[in-house]
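Okay, run.cif is below, mmCIF, C-alpha atoms:
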```cif
data_run
#
loop_
_atom_site.label_atom_id
_atom_site.label_comp_id
_atom_site.auth_asym_id
_atom_site.auth_seq_id
_atom_site.Cartn_x
_atom_site.Cartn_y
_atom_site.Cartn_z
CA MET A 126 -38.50 5.08 34.67
CA SER A 127 -34.91 3.86 34.56
CA GLU A 128 -34.47 0.14 33.97
CA HIS A 129 -30.81 -0.41 34.79
CA PRO A 130 -29.98 -3.47 36.92
CA ARG A 131 -28.38 -3.08 40.32
CA GLN A 132 -24.70 -3.58 39.60
CA LYS A 133 -21.27 -2.53 40.80
CA ILE A 134 -18.20 -3.13 38.62
CA PRO A 135 -14.51 -2.47 39.32
CA TYR A 136 -13.11 0.99 38.54
CA PRO A 137 -12.34 2.32 35.93
CA GLY A 138 -15.10 0.22 34.40
CA SER A 139 -15.24 -2.13 31.43
CA THR A 140 -18.13 -2.15 28.99
CA GLY A 141 -17.97 -5.94 28.88
CA ASP A 142 -18.75 -6.14 32.61
CA MET A 143 -21.98 -4.18 32.28
CA ILE A 144 -25.18 -6.21 32.41
CA ASP A 145 -27.03 -3.49 30.52
CA GLN A 146 -24.78 -2.74 27.55
CA PRO A 147 -24.72 0.91 26.44
CA HIS A 148 -25.49 1.95 22.89
CA ASP A 149 -22.14 3.47 21.94
CA GLU A 150 -21.24 2.19 18.45
CA MET A 151 -23.24 4.65 16.29
CA ALA A 152 -24.61 1.66 14.39
CA SER A 153 -27.34 3.59 12.57
CA TYR A 154 -25.27 6.74 12.01
CA GLU A 155 -24.43 7.62 8.41
CA GLY A 156 -21.62 10.09 7.79
CA ARG A 157 -21.59 12.67 5.03
CA GLY A 158 -17.90 13.55 4.90
CA LEU A 159 -18.15 16.45 7.35
CA LEU A 160 -14.68 15.70 8.77
CA LYS A 161 -12.96 14.32 5.69
CA GLY A 162 -9.18 14.51 6.06
CA LYS A 163 -9.30 15.68 9.68
CA LYS A 164 -7.25 14.22 12.55
CA ALA A 165 -8.84 13.93 15.99
CA LEU A 166 -7.44 13.23 19.45
CA ILE A 167 -10.02 12.11 22.01
CA THR A 168 -9.16 11.62 25.68
CA GLY A 169 -11.28 9.03 27.44
CA GLY A 170 -12.01 7.62 24.01
CA ASP A 171 -12.14 3.93 24.85
CA SER A 172 -15.80 3.66 25.85
CA GLY A 173 -19.03 5.55 26.47
CA ILE A 174 -19.25 9.02 24.97
CA GLY A 175 -15.64 8.90 23.81
CA ARG A 176 -16.20 5.67 21.88
CA ALA A 177 -19.35 6.97 20.22
CA VAL A 178 -17.57 10.19 19.25
CA ALA A 179 -14.58 8.29 17.84
CA ILE A 180 -16.80 6.11 15.66
CA ALA A 181 -18.94 9.05 14.53
CA TYR A 182 -15.80 10.99 13.58
CA ALA A 183 -14.52 8.01 11.65
CA LYS A 184 -17.81 7.74 9.77
CA GLU A 185 -17.43 11.43 8.90
CA GLY A 186 -13.97 10.80 7.44
CA ALA A 187 -11.58 11.63 10.29
CA ASP A 188 -8.65 9.57 11.54
CA VAL A 189 -8.69 9.17 15.32
CA ALA A 190 -6.34 8.74 18.26
CA ILE A 191 -7.75 7.86 21.67
CA ALA A 192 -6.10 8.18 25.07
CA TYR A 193 -7.41 6.11 27.95
CA LEU A 194 -6.37 4.84 31.38
CA SER A 195 -6.15 1.03 31.29
CA GLU A 196 -9.30 -0.39 29.67
CA THR A 197 -7.45 -1.97 26.76
CA ALA A 198 -10.22 -4.37 25.74
CA ASP A 199 -12.59 -1.42 25.37
CA ALA A 200 -9.98 0.60 23.49
CA GLU A 201 -9.28 -2.26 21.10
CA HIS A 202 -13.00 -2.64 20.42
CA THR A 203 -13.26 1.06 19.66
CA ARG A 204 -10.26 0.81 17.33
CA THR A 205 -11.92 -2.07 15.49
CA LYS A 206 -15.11 -0.06 14.98
CA VAL A 207 -13.18 3.00 13.81
CA GLU A 208 -11.20 0.92 11.33
CA GLU A 209 -14.38 -0.75 10.09
CA ALA A 210 -15.58 2.75 9.24
CA GLY A 211 -12.51 3.17 7.05
CA ALA A 212 -10.40 5.40 9.30
CA GLN A 213 -7.08 5.05 11.10
CA CYS A 214 -7.13 4.63 14.87
CA ARG A 215 -4.29 4.79 17.40
CA ILE A 216 -4.73 3.96 21.08
CA TYR A 217 -2.61 5.28 23.97
CA PRO A 218 -2.95 3.84 27.48
CA GLY A 219 -1.78 5.78 30.52
CA ASP A 220 -2.80 8.13 33.28
CA LEU A 221 -3.78 11.58 32.03
CA ALA A 222 -3.46 12.88 35.59
CA ASP A 223 0.25 12.97 34.72
CA PRO A 224 1.17 16.18 32.84
CA GLU A 225 4.05 14.45 31.05
CA HIS A 226 1.73 11.76 29.73
CA CYS A 227 -0.68 14.45 28.50
CA ALA A 228 2.09 15.97 26.41
CA GLU A 229 3.21 12.54 25.23
CA VAL A 230 -0.18 11.52 23.82
CA VAL A 231 -0.40 14.76 21.87
CA GLU A 232 3.01 14.24 20.30
CA ARG A 233 2.24 10.60 19.52
CA ALA A 234 -1.06 11.55 17.88
CA VAL A 235 0.63 14.20 15.76
CA ALA A 236 3.33 11.74 14.69
CA ASP A 237 0.96 8.83 14.05
CA LEU A 238 -1.84 10.72 12.32
CA GLY A 239 0.15 13.48 10.68
CA GLY A 240 -1.33 16.25 12.79
CA VAL A 241 -4.26 17.14 15.04
CA ASP A 242 -7.21 19.29 13.90
CA ILE A 243 -9.79 18.31 16.50
CA LEU A 244 -9.13 17.92 20.22
CA VAL A 245 -11.80 16.39 22.43
CA ASN A 246 -11.05 16.68 26.16
CA ASN A 247 -13.39 14.02 27.49
CA VAL A 248 -11.60 11.99 30.18
CA ALA A 249 -13.28 12.06 33.61
CA TYR A 250 -13.18 10.66 37.13
CA GLN A 251 -15.87 10.76 39.78
CA GLN A 252 -16.57 9.24 43.18
CA VAL A 253 -19.90 9.53 44.96
CA VAL A 254 -19.90 10.65 48.60
CA ASP A 255 -22.91 11.16 50.88
CA ASP A 256 -21.25 13.88 52.96
CA PHE A 257 -18.85 16.67 51.99
CA ALA A 258 -16.75 15.71 55.01
CA ASP A 259 -16.10 12.32 53.41
CA ILE A 260 -14.15 13.81 50.51
CA THR A 261 -10.48 13.17 51.20
CA PRO A 262 -7.74 15.51 49.98
CA GLN A 263 -6.52 12.62 47.83
CA GLN A 264 -9.90 12.23 46.13
CA TRP A 265 -10.19 15.99 45.62
CA GLN A 266 -6.76 16.14 44.00
CA ARG A 267 -7.38 13.11 41.80
CA THR A 268 -10.65 14.55 40.52
CA PHE A 269 -8.96 17.84 39.65
CA ASP A 270 -5.93 16.17 38.06
CA VAL A 271 -8.09 14.10 35.70
CA ASN A 272 -11.10 16.33 35.06
CA ILE A 273 -9.58 19.78 34.59
CA ASN A 274 -5.79 19.68 34.87
CA SER A 275 -5.55 17.14 32.03
CA PHE A 276 -7.68 19.45 29.89
CA PHE A 277 -5.12 22.20 30.46
CA HIS A 278 -2.07 20.02 29.85
CA VAL A 279 -3.41 18.29 26.73
CA THR A 280 -4.67 21.55 25.23
CA HIS A 281 -1.45 23.37 26.11
CA ALA A 282 0.60 20.67 24.36
CA ALA A 283 -1.71 20.59 21.34
CA LEU A 284 -1.84 24.33 20.80
CA LYS A 285 1.29 24.57 18.66
CA HIS A 286 -0.15 21.95 16.31
CA LEU A 287 -3.61 23.46 15.90
CA ARG A 288 -4.21 25.61 12.84
CA PRO A 289 -6.98 28.05 11.88
CA GLY A 290 -10.17 26.06 11.53
CA SER A 291 -9.23 23.64 14.29
CA SER A 292 -11.73 22.80 17.00
CA ILE A 293 -11.40 22.09 20.72
CA ILE A 294 -14.38 20.41 22.36
CA ASN A 295 -14.55 19.97 26.13
CA THR A 296 -16.89 17.61 27.96
CA GLY A 297 -18.68 19.35 30.79
CA SER A 298 -21.71 18.12 32.72
CA ILE A 299 -25.11 19.23 33.97
CA ASN A 300 -23.43 19.05 37.37
CA GLY A 301 -21.10 21.86 36.34
CA LEU A 302 -24.12 24.01 35.57
CA ARG A 303 -26.10 23.42 38.76
CA GLY A 304 -23.97 21.38 41.20
CA ASN A 305 -24.59 18.01 42.83
CA LYS A 306 -24.44 17.38 46.58
CA THR A 307 -23.05 13.85 46.19
CA LEU A 308 -20.54 14.76 43.45
CA ILE A 309 -19.14 18.00 44.82
CA ASP A 310 -15.55 17.70 43.61
CA TYR A 311 -16.71 16.41 40.22
CA SER A 312 -19.20 19.26 39.88
CA VAL A 313 -16.57 21.86 40.74
CA THR A 314 -14.24 20.54 38.05
CA LYS A 315 -17.04 20.52 35.49
CA GLY A 316 -17.86 24.11 36.35
CA ALA A 317 -14.19 24.85 35.74
CA VAL A 318 -14.40 23.10 32.36
CA ILE A 319 -17.20 25.44 31.34
CA ALA A 320 -15.23 28.50 32.50
CA LEU A 321 -12.16 27.18 30.65
CA THR A 322 -14.26 26.87 27.50
CA TYR A 323 -15.52 30.45 27.74
CA SER A 324 -12.02 31.79 28.43
CA LEU A 325 -10.18 29.77 25.78
CA ALA A 326 -12.78 30.70 23.16
CA GLN A 327 -11.90 34.35 23.73
CA SER A 328 -8.16 33.70 23.95
CA LEU A 329 -7.91 31.61 20.77
CA LEU A 330 -10.30 33.61 18.62
CA ASP A 331 -7.51 35.42 16.77
CA ARG A 332 -5.86 32.08 15.97
CA GLY A 333 -9.05 30.87 14.28
CA ILE A 334 -9.50 28.03 16.76
CA ARG A 335 -13.03 27.38 17.98
CA VAL A 336 -13.59 26.17 21.57
CA ASN A 337 -16.92 24.73 22.68
CA CYS A 338 -18.36 22.46 25.36
CA VAL A 339 -20.89 19.62 25.51
CA SER A 340 -22.44 19.35 28.98
CA PRO A 341 -24.70 16.30 29.10
CA GLY A 342 -27.11 15.18 31.73
CA PRO A 343 -26.98 11.55 32.88
CA VAL A 344 -25.38 9.23 30.30
CA TRP A 345 -25.18 5.44 30.58
CA THR A 346 -21.45 4.60 30.47
CA PRO A 347 -19.12 2.21 32.35
CA LEU A 348 -18.16 5.06 34.69
CA ILE A 349 -21.60 4.88 36.31
CA PRO A 350 -21.59 1.31 37.71
CA ALA A 351 -17.85 1.68 38.36
CA THR A 352 -18.22 4.72 40.64
CA MET A 353 -21.77 4.68 42.03
CA PRO A 354 -23.46 2.45 44.62
CA ALA A 355 -25.64 -0.28 43.12
CA ASP A 356 -28.87 1.31 44.33
CA LYS A 357 -28.00 4.61 42.61
CA VAL A 358 -27.08 2.72 39.44
CA ALA A 359 -30.50 1.09 39.38
CA ASP A 360 -32.37 4.40 39.19
CA PHE A 361 -29.70 6.37 37.34
CA GLY A 362 -31.23 9.02 35.12
CA GLU A 363 -34.84 8.63 36.21
CA GLN A 364 -34.93 12.17 37.64
CA VAL A 365 -34.84 13.93 34.25
CA PRO A 366 -38.06 14.67 32.32
CA TYR A 367 -37.25 11.91 29.82
CA GLY A 368 -37.20 9.49 32.76
CA ARG A 369 -33.97 7.82 31.67
CA ALA A 370 -30.28 8.36 31.09
CA ALA A 371 -29.05 9.15 27.58
CA GLN A 372 -27.15 6.61 25.54
CA PRO A 373 -23.70 7.71 24.29
CA ASP A 374 -24.98 7.46 20.71
CA GLU A 375 -27.45 10.25 21.52
CA ILE A 376 -24.69 12.58 22.72
CA ALA A 377 -21.99 12.03 20.08
CA PRO A 378 -23.69 14.06 17.30
CA SER A 379 -23.16 17.19 19.42
CA TYR A 380 -19.41 16.60 19.10
CA VAL A 381 -19.72 16.15 15.35
CA PHE A 382 -21.56 19.45 15.17
CA PHE A 383 -18.83 21.33 17.03
CA ALA A 384 -16.01 19.60 15.13
CA SER A 385 -17.40 20.43 11.70
CA GLU A 386 -16.72 23.85 10.19
CA THR A 387 -19.65 23.24 7.87
CA MET A 388 -22.01 22.91 10.83
CA SER A 389 -20.57 25.29 13.44
CA SER A 390 -18.15 27.79 11.88
CA TYR A 391 -19.91 30.63 13.76
CA TYR A 392 -19.87 28.88 17.13
CA SER A 393 -17.22 29.40 19.78
CA GLY A 394 -17.56 29.69 23.53
CA GLU A 395 -20.86 27.81 23.44
CA VAL A 396 -22.18 25.16 25.82
CA LEU A 397 -24.53 22.59 24.35
CA ALA A 398 -26.45 20.77 27.08
CA PRO A 399 -28.28 17.57 26.06
CA ILE A 400 -30.05 17.01 29.38
CA GLY A 401 -33.19 15.02 28.63
CA GLY A 402 -35.85 17.71 28.53
CA GLU A 403 -34.76 19.66 31.59
CA THR A 404 -34.75 23.45 31.36
CA LEU A 405 -32.35 25.69 33.23
CA PRO A 406 -32.79 29.35 34.20
CA GLY A 407 -30.40 31.98 32.92
#
```
Exercise: express the given structure as structure tokens:
Amino acid sequence: MSEHPRQKIPYPGSTGDMIDQPHDEMASYEGRGLLKGKKALITGGDSGIGRAVAIAYAKEGADVAIAYLSETADAEHTRTKVEEAGAQCRIYPGDLADPEHCAEVVERAVADLGGVDILVNNVAYQQVVDDFADITPQQWQRTFDVNINSFFHVTHAALKHLRPGSSIINTGSINGLRGNKTLIDYSVTKGAVIALTYSLAQSLLDRGIRVNCVSPGPVWTPLIPATMPADKVADFGEQVPYGRAAQPDEIAPSYVFFASETMSSYYSGEVLAPIGGETLPG
């Protein structure tokens, strides 16, 4: 049974405003040099899954750049944790719904880190609606601009910098695999993320670039109380067999797996779905 308090916080959501703090610092995680010398760019890397991934990558030996909207306190905290792990960290605020900004963060990461070997497309936007008719054209467009168009623009800009052995990891969602009646636009974009993963994996195979996707079930991040009604926040995640949402720390190792050639050199076009004990047909 979920134990989250009823809470609503301002969008885009700050970890510091959450009554129930997520576990997103990989405190017990011990790296083994799986990403030594690598350079990673993570969109939506300030908090939640992105933060946990950034810290895990740092503990595995990678330098990290994170792009985020405006949550500077969260981004600074993530940078501190990455640097404590002995890695470099650069942070880039701005709206990834803007194609020009997508290209800019790639070029800044390449200049600041000396290249990019790992690209994690993780940034996301969602807004709950009770009725399909309540989705405005503006909301629909915003969801697409952030959740799938940014993945295209960032990846497109990064492609000329990626070398054989590089890895692209996209964040999908259980909602992209089965849909969600209160997150229709979000679910559609996450389905597109999965199709993009399959297609890019085929397209980039000859370049030696692996493309995979992590599609989690419910995960406790600032996006949840920032975009969901308080009553839905209170029981968030209780529908899965585990009876609770995942913590970001539980999801980040999937991104380490896909980033590491040691662990996943024979994987491309795969979707890894940590969904709390649920099974899906097909």
Exercise for the section: Determine the residue membership of the PyMOL selection byres ((chain A and resi 133) around 8) for the file above and supply it as a list in words. Expected result: Arg131, Gln132, Ile134, Pro135, Pro350, Ala351, Thr352, Met353, Pro354, Ala355 and Val358 of chain A
Exercise for the section: Name the residues that the PyMOL selection byres ((chain A and resi 247) around 8) picks from the file above, as a VMD selection string, using the file's chain letters and numbers. Expected result: chain A and resid 167 to 170 175 245 to 246 248 to 249 295 to 296
Exercise for the section: Enumerate, as a ChimeraX atom specification, the residues matched when the PyMOL selection byres ((chain A and resi 203-209) around 8) is run on the file above. Expected result: /A:150,170-172,176,179-180,183-184,189,199-202,210-216
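With all atoms listed in the file taken into account, every residue lying no more than 8 Å from the file point (-15.5, 32.0, 22.8) is included here: Thr322, Tyr323, Ser324, Leu325, Ala326, Gln327, Ser328, Leu329, Leu330, Arg335, Val336, Asn337, Tyr392, Ser393, Gly394 and Glu395 of chain A.
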Residues as selected, C-alpha atoms, written as a short mmCIF file (atom, residue, chain, number, x, y, z; two decimals), keeping the file's coordinate frame, can you do that?
```cif
data_model
loop_
_atom_site.label_atom_id
_atom_site.label_comp_id
_atom_site.auth_asym_id
_atom_site.auth_seq_id
_atom_site.Cartn_x
_atom_site.Cartn_y
_atom_site.Cartn_z
CA THR A 322 -14.26 26.87 27.50
CA TYR A 323 -15.52 30.45 27.74
CA SER A 324 -12.02 31.79 28.43
CA LEU A 325 -10.18 29.77 25.78
CA ALA A 326 -12.78 30.70 23.16
CA GLN A 327 -11.90 34.35 23.73
CA SER A 328 -8.16 33.70 23.95
CA LEU A 329 -7.91 31.61 20.77
CA LEU A 330 -10.30 33.61 18.62
CA ARG A 335 -13.03 27.38 17.98
CA VAL A 336 -13.59 26.17 21.57
CA ASN A 337 -16.92 24.73 22.68
CA TYR A 392 -19.87 28.88 17.13
CA SER A 393 -17.22 29.40 19.78
CA GLY A 394 -17.56 29.69 23.53
CA GLU A 395 -20.86 27.81 23.44
#
```
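Between atom CA of A:Asp360 and atom CA of A:His129 the separation is 6.7 Å.
Taking all atoms listed in the file into account, A:Lys357 lies nearest to A:Pro343 out of the set A:Gly316, A:Pro218, A:Pro343, A:Pro147.
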Exercise for the section: Find the spatial neighbours of stretch 269-276 of chain A, counting all atoms listed in the file, within a cut-off of 7 Å - ignore same-chain residues fewer than 4 positions away - and output them as a VMD selection string. Expected result: chain A and resid 221 to 222 224 227 246 248 to 250 265 280 314 317 to 318
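The list of residues with at least one atom within 6 Å of stretch 378-389 of chain A, based on all atoms listed in the file and without residues fewer than 2 positions apart in the same chain, reads Leu159, Ser292, Ile376, Tyr391 and Tyr392 of chain A.
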Residue selection dump (C-alpha atoms) as a PDB file, in the coordinates of the input:
```
ATOM      1  CA  LEU A 159     -18.150  16.450   7.350  1.00  0.00           C
ATOM      2  CA  SER A 292     -11.730  22.800  17.000  1.00  0.00           C
ATOM      3  CA  ILE A 376     -24.690  12.580  22.720  1.00  0.00           C
ATOM      4  CA  TYR A 391     -19.910  30.630  13.760  1.00  0.00           C
ATOM      5  CA  TYR A 392     -19.870  28.880  17.130  1.00  0.00           C
TER       6      TYR A 392
END
```
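The list of residues within 6 Å of (-17.9, 0.5, 32.2), counted using only C-alpha atoms, is Gly138, Ser139, Thr140, Thr346, Pro347 and Leu348 of chain A.
Note that atom CA of A:Ala320 and atom CA of A:Lys306 are 20.2 Å apart.
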Practice task
One decimal, Å: what's the distance from atom CA of A:Ile309 over to atom CA of A:Gly173, could you say?
Solution key: 22.2 Å
Exercise for the section: Could you check which of A:His278, A:Gln266, A:Gly362, A:Asp188 is closest to A:Asp223, using only C-alpha atoms? Expected result: A:His278
Some atoms are missing, so please complete stretch 145-170 of chain A with N, CA, C and O atoms and return it as a PDB file, keeping the file's coordinate frame.
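Final output, rebuild-v1.pdb:
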```
ATOM      1  N   ASP A 145     -26.261  -4.274  31.486  1.00  0.00           N
ATOM      2  CA  ASP A 145     -27.030  -3.490  30.520  1.00  0.00           C
ATOM      3  C   ASP A 145     -26.036  -2.755  29.622  1.00  0.00           C
ATOM      4  O   ASP A 145     -25.476  -1.741  30.000  1.00  0.00           O
ATOM      5  N   GLN A 146     -25.801  -3.295  28.447  1.00  0.00           N
ATOM      6  CA  GLN A 146     -24.780  -2.740  27.550  1.00  0.00           C
ATOM      7  C   GLN A 146     -25.233  -1.396  26.977  1.00  0.00           C
ATOM      8  O   GLN A 146     -26.357  -1.269  26.472  1.00  0.00           O
ATOM      9  N   PRO A 147     -24.367  -0.385  27.026  1.00  0.00           N
ATOM     10  CA  PRO A 147     -24.720   0.910  26.440  1.00  0.00           C
ATOM     11  C   PRO A 147     -24.756   0.861  24.929  1.00  0.00           C
ATOM     12  O   PRO A 147     -24.117   0.003  24.306  1.00  0.00           O
ATOM     13  N   HIS A 148     -25.486   1.782  24.336  1.00  0.00           N
ATOM     14  CA  HIS A 148     -25.490   1.950  22.890  1.00  0.00           C
ATOM     15  C   HIS A 148     -24.431   2.997  22.570  1.00  0.00           C
ATOM     16  O   HIS A 148     -24.647   4.198  22.751  1.00  0.00           O
ATOM     17  N   ASP A 149     -23.268   2.557  22.110  1.00  0.00           N
ATOM     18  CA  ASP A 149     -22.140   3.470  21.940  1.00  0.00           C
ATOM     19  C   ASP A 149     -21.338   3.194  20.670  1.00  0.00           C
ATOM     20  O   ASP A 149     -20.177   3.570  20.570  1.00  0.00           O
ATOM     21  N   GLU A 150     -21.958   2.543  19.684  1.00  0.00           N
ATOM     22  CA  GLU A 150     -21.240   2.190  18.450  1.00  0.00           C
ATOM     23  C   GLU A 150     -21.767   2.921  17.218  1.00  0.00           C
ATOM     24  O   GLU A 150     -21.343   2.625  16.108  1.00  0.00           O
ATOM     25  N   MET A 151     -22.702   3.840  17.397  1.00  0.00           N
ATOM     26  CA  MET A 151     -23.240   4.650  16.290  1.00  0.00           C
ATOM     27  C   MET A 151     -23.655   3.774  15.111  1.00  0.00           C
ATOM     28  O   MET A 151     -23.414   4.104  13.945  1.00  0.00           O
ATOM     29  N   ALA A 152     -24.305   2.663  15.422  1.00  0.00           N
ATOM     30  CA  ALA A 152     -24.610   1.660  14.390  1.00  0.00           C
ATOM     31  C   ALA A 152     -25.487   2.214  13.273  1.00  0.00           C
ATOM     32  O   ALA A 152     -25.301   1.852  12.099  1.00  0.00           O
ATOM     33  N   SER A 153     -26.429   3.084  13.591  1.00  0.00           N
ATOM     34  CA  SER A 153     -27.340   3.590  12.570  1.00  0.00           C
ATOM     35  C   SER A 153     -26.897   4.938  11.999  1.00  0.00           C
ATOM     36  O   SER A 153     -27.578   5.506  11.146  1.00  0.00           O
ATOM     37  N   TYR A 154     -25.750   5.422  12.435  1.00  0.00           N
ATOM     38  CA  TYR A 154     -25.270   6.740  12.010  1.00  0.00           C
ATOM     39  C   TYR A 154     -24.631   6.654  10.629  1.00  0.00           C
ATOM     40  O   TYR A 154     -23.804   5.778  10.373  1.00  0.00           O
ATOM     41  N   GLU A 155     -24.997   7.562   9.754  1.00  0.00           N
ATOM     42  CA  GLU A 155     -24.430   7.620   8.410  1.00  0.00           C
ATOM     43  C   GLU A 155     -23.703   8.948   8.234  1.00  0.00           C
ATOM     44  O   GLU A 155     -24.309  10.015   8.331  1.00  0.00           O
ATOM     45  N   GLY A 156     -22.403   8.881   7.990  1.00  0.00           N
ATOM     46  CA  GLY A 156     -21.620  10.090   7.790  1.00  0.00           C
ATOM     47  C   GLY A 156     -21.856  10.696   6.417  1.00  0.00           C
ATOM     48  O   GLY A 156     -22.337  10.038   5.495  1.00  0.00           O
ATOM     49  N   ARG A 157     -21.467  11.966   6.306  1.00  0.00           N
ATOM     50  CA  ARG A 157     -21.590  12.670   5.030  1.00  0.00           C
ATOM     51  C   ARG A 157     -20.318  13.420   4.684  1.00  0.00           C
ATOM     52  O   ARG A 157     -20.330  14.403   3.948  1.00  0.00           O
ATOM     53  N   GLY A 158     -19.183  12.952   5.235  1.00  0.00           N
ATOM     54  CA  GLY A 158     -17.900  13.550   4.900  1.00  0.00           C
ATOM     55  C   GLY A 158     -17.630  14.880   5.563  1.00  0.00           C
ATOM     56  O   GLY A 158     -16.788  15.655   5.098  1.00  0.00           O
ATOM     57  N   LEU A 159     -18.301  15.155   6.680  1.00  0.00           N
ATOM     58  CA  LEU A 159     -18.150  16.450   7.350  1.00  0.00           C
ATOM     59  C   LEU A 159     -16.737  16.665   7.906  1.00  0.00           C
ATOM     60  O   LEU A 159     -16.315  17.812   8.089  1.00  0.00           O
ATOM     61  N   LEU A 160     -16.016  15.583   8.180  1.00  0.00           N
ATOM     62  CA  LEU A 160     -14.680  15.700   8.770  1.00  0.00           C
ATOM     63  C   LEU A 160     -13.625  15.030   7.897  1.00  0.00           C
ATOM     64  O   LEU A 160     -12.577  14.612   8.386  1.00  0.00           O
ATOM     65  N   LYS A 161     -13.875  14.986   6.610  1.00  0.00           N
ATOM     66  CA  LYS A 161     -12.960  14.320   5.690  1.00  0.00           C
ATOM     67  C   LYS A 161     -11.557  14.935   5.778  1.00  0.00           C
ATOM     68  O   LYS A 161     -11.386  16.151   5.689  1.00  0.00           O
ATOM     69  N   GLY A 162     -10.565  14.067   6.000  1.00  0.00           N
ATOM     70  CA  GLY A 162      -9.180  14.510   6.060  1.00  0.00           C
ATOM     71  C   GLY A 162      -8.745  15.061   7.399  1.00  0.00           C
ATOM     72  O   GLY A 162      -7.568  15.408   7.568  1.00  0.00           O
ATOM     73  N   LYS A 163      -9.643  15.136   8.369  1.00  0.00           N
ATOM     74  CA  LYS A 163      -9.300  15.680   9.680  1.00  0.00           C
ATOM     75  C   LYS A 163      -8.648  14.616  10.558  1.00  0.00           C
ATOM     76  O   LYS A 163      -8.786  13.404  10.334  1.00  0.00           O
ATOM     77  N   LYS A 164      -7.928  15.084  11.590  1.00  0.00           N
ATOM     78  CA  LYS A 164      -7.250  14.220  12.550  1.00  0.00           C
ATOM     79  C   LYS A 164      -7.727  14.615  13.944  1.00  0.00           C
ATOM     80  O   LYS A 164      -7.611  15.783  14.331  1.00  0.00           O
ATOM     81  N   ALA A 165      -8.243  13.639  14.688  1.00  0.00           N
ATOM     82  CA  ALA A 165      -8.840  13.930  15.990  1.00  0.00           C
ATOM     83  C   ALA A 165      -8.146  13.165  17.109  1.00  0.00           C
ATOM     84  O   ALA A 165      -7.841  11.976  16.963  1.00  0.00           O
ATOM     85  N   LEU A 166      -7.919  13.851  18.220  1.00  0.00           N
ATOM     86  CA  LEU A 166      -7.440  13.230  19.450  1.00  0.00           C
ATOM     87  C   LEU A 166      -8.554  13.322  20.480  1.00  0.00           C
ATOM     88  O   LEU A 166      -9.049  14.422  20.760  1.00  0.00           O
ATOM     89  N   ILE A 167      -8.925  12.173  21.042  1.00  0.00           N
ATOM     90  CA  ILE A 167     -10.020  12.110  22.010  1.00  0.00           C
ATOM     91  C   ILE A 167      -9.497  11.486  23.293  1.00  0.00           C
ATOM     92  O   ILE A 167      -9.065  10.325  23.295  1.00  0.00           O
ATOM     93  N   THR A 168      -9.529  12.222  24.399  1.00  0.00           N
ATOM     94  CA  THR A 168      -9.160  11.620  25.680  1.00  0.00           C
ATOM     95  C   THR A 168     -10.391  10.926  26.261  1.00  0.00           C
ATOM     96  O   THR A 168     -11.521  11.366  26.071  1.00  0.00           O
ATOM     97  N   GLY A 169     -10.157   9.824  26.966  1.00  0.00           N
ATOM     98  CA  GLY A 169     -11.280   9.030  27.440  1.00  0.00           C
ATOM     99  C   GLY A 169     -12.069   8.456  26.282  1.00  0.00           C
ATOM    100  O   GLY A 169     -13.296   8.363  26.325  1.00  0.00           O
ATOM    101  N   GLY A 170     -11.348   8.046  25.235  1.00  0.00           N
ATOM    102  CA  GLY A 170     -12.010   7.620  24.010  1.00  0.00           C
ATOM    103  C   GLY A 170     -12.278   6.141  23.889  1.00  0.00           C
ATOM    104  O   GLY A 170     -12.733   5.675  22.852  1.00  0.00           O
TER     105      GLY A 170
END
```
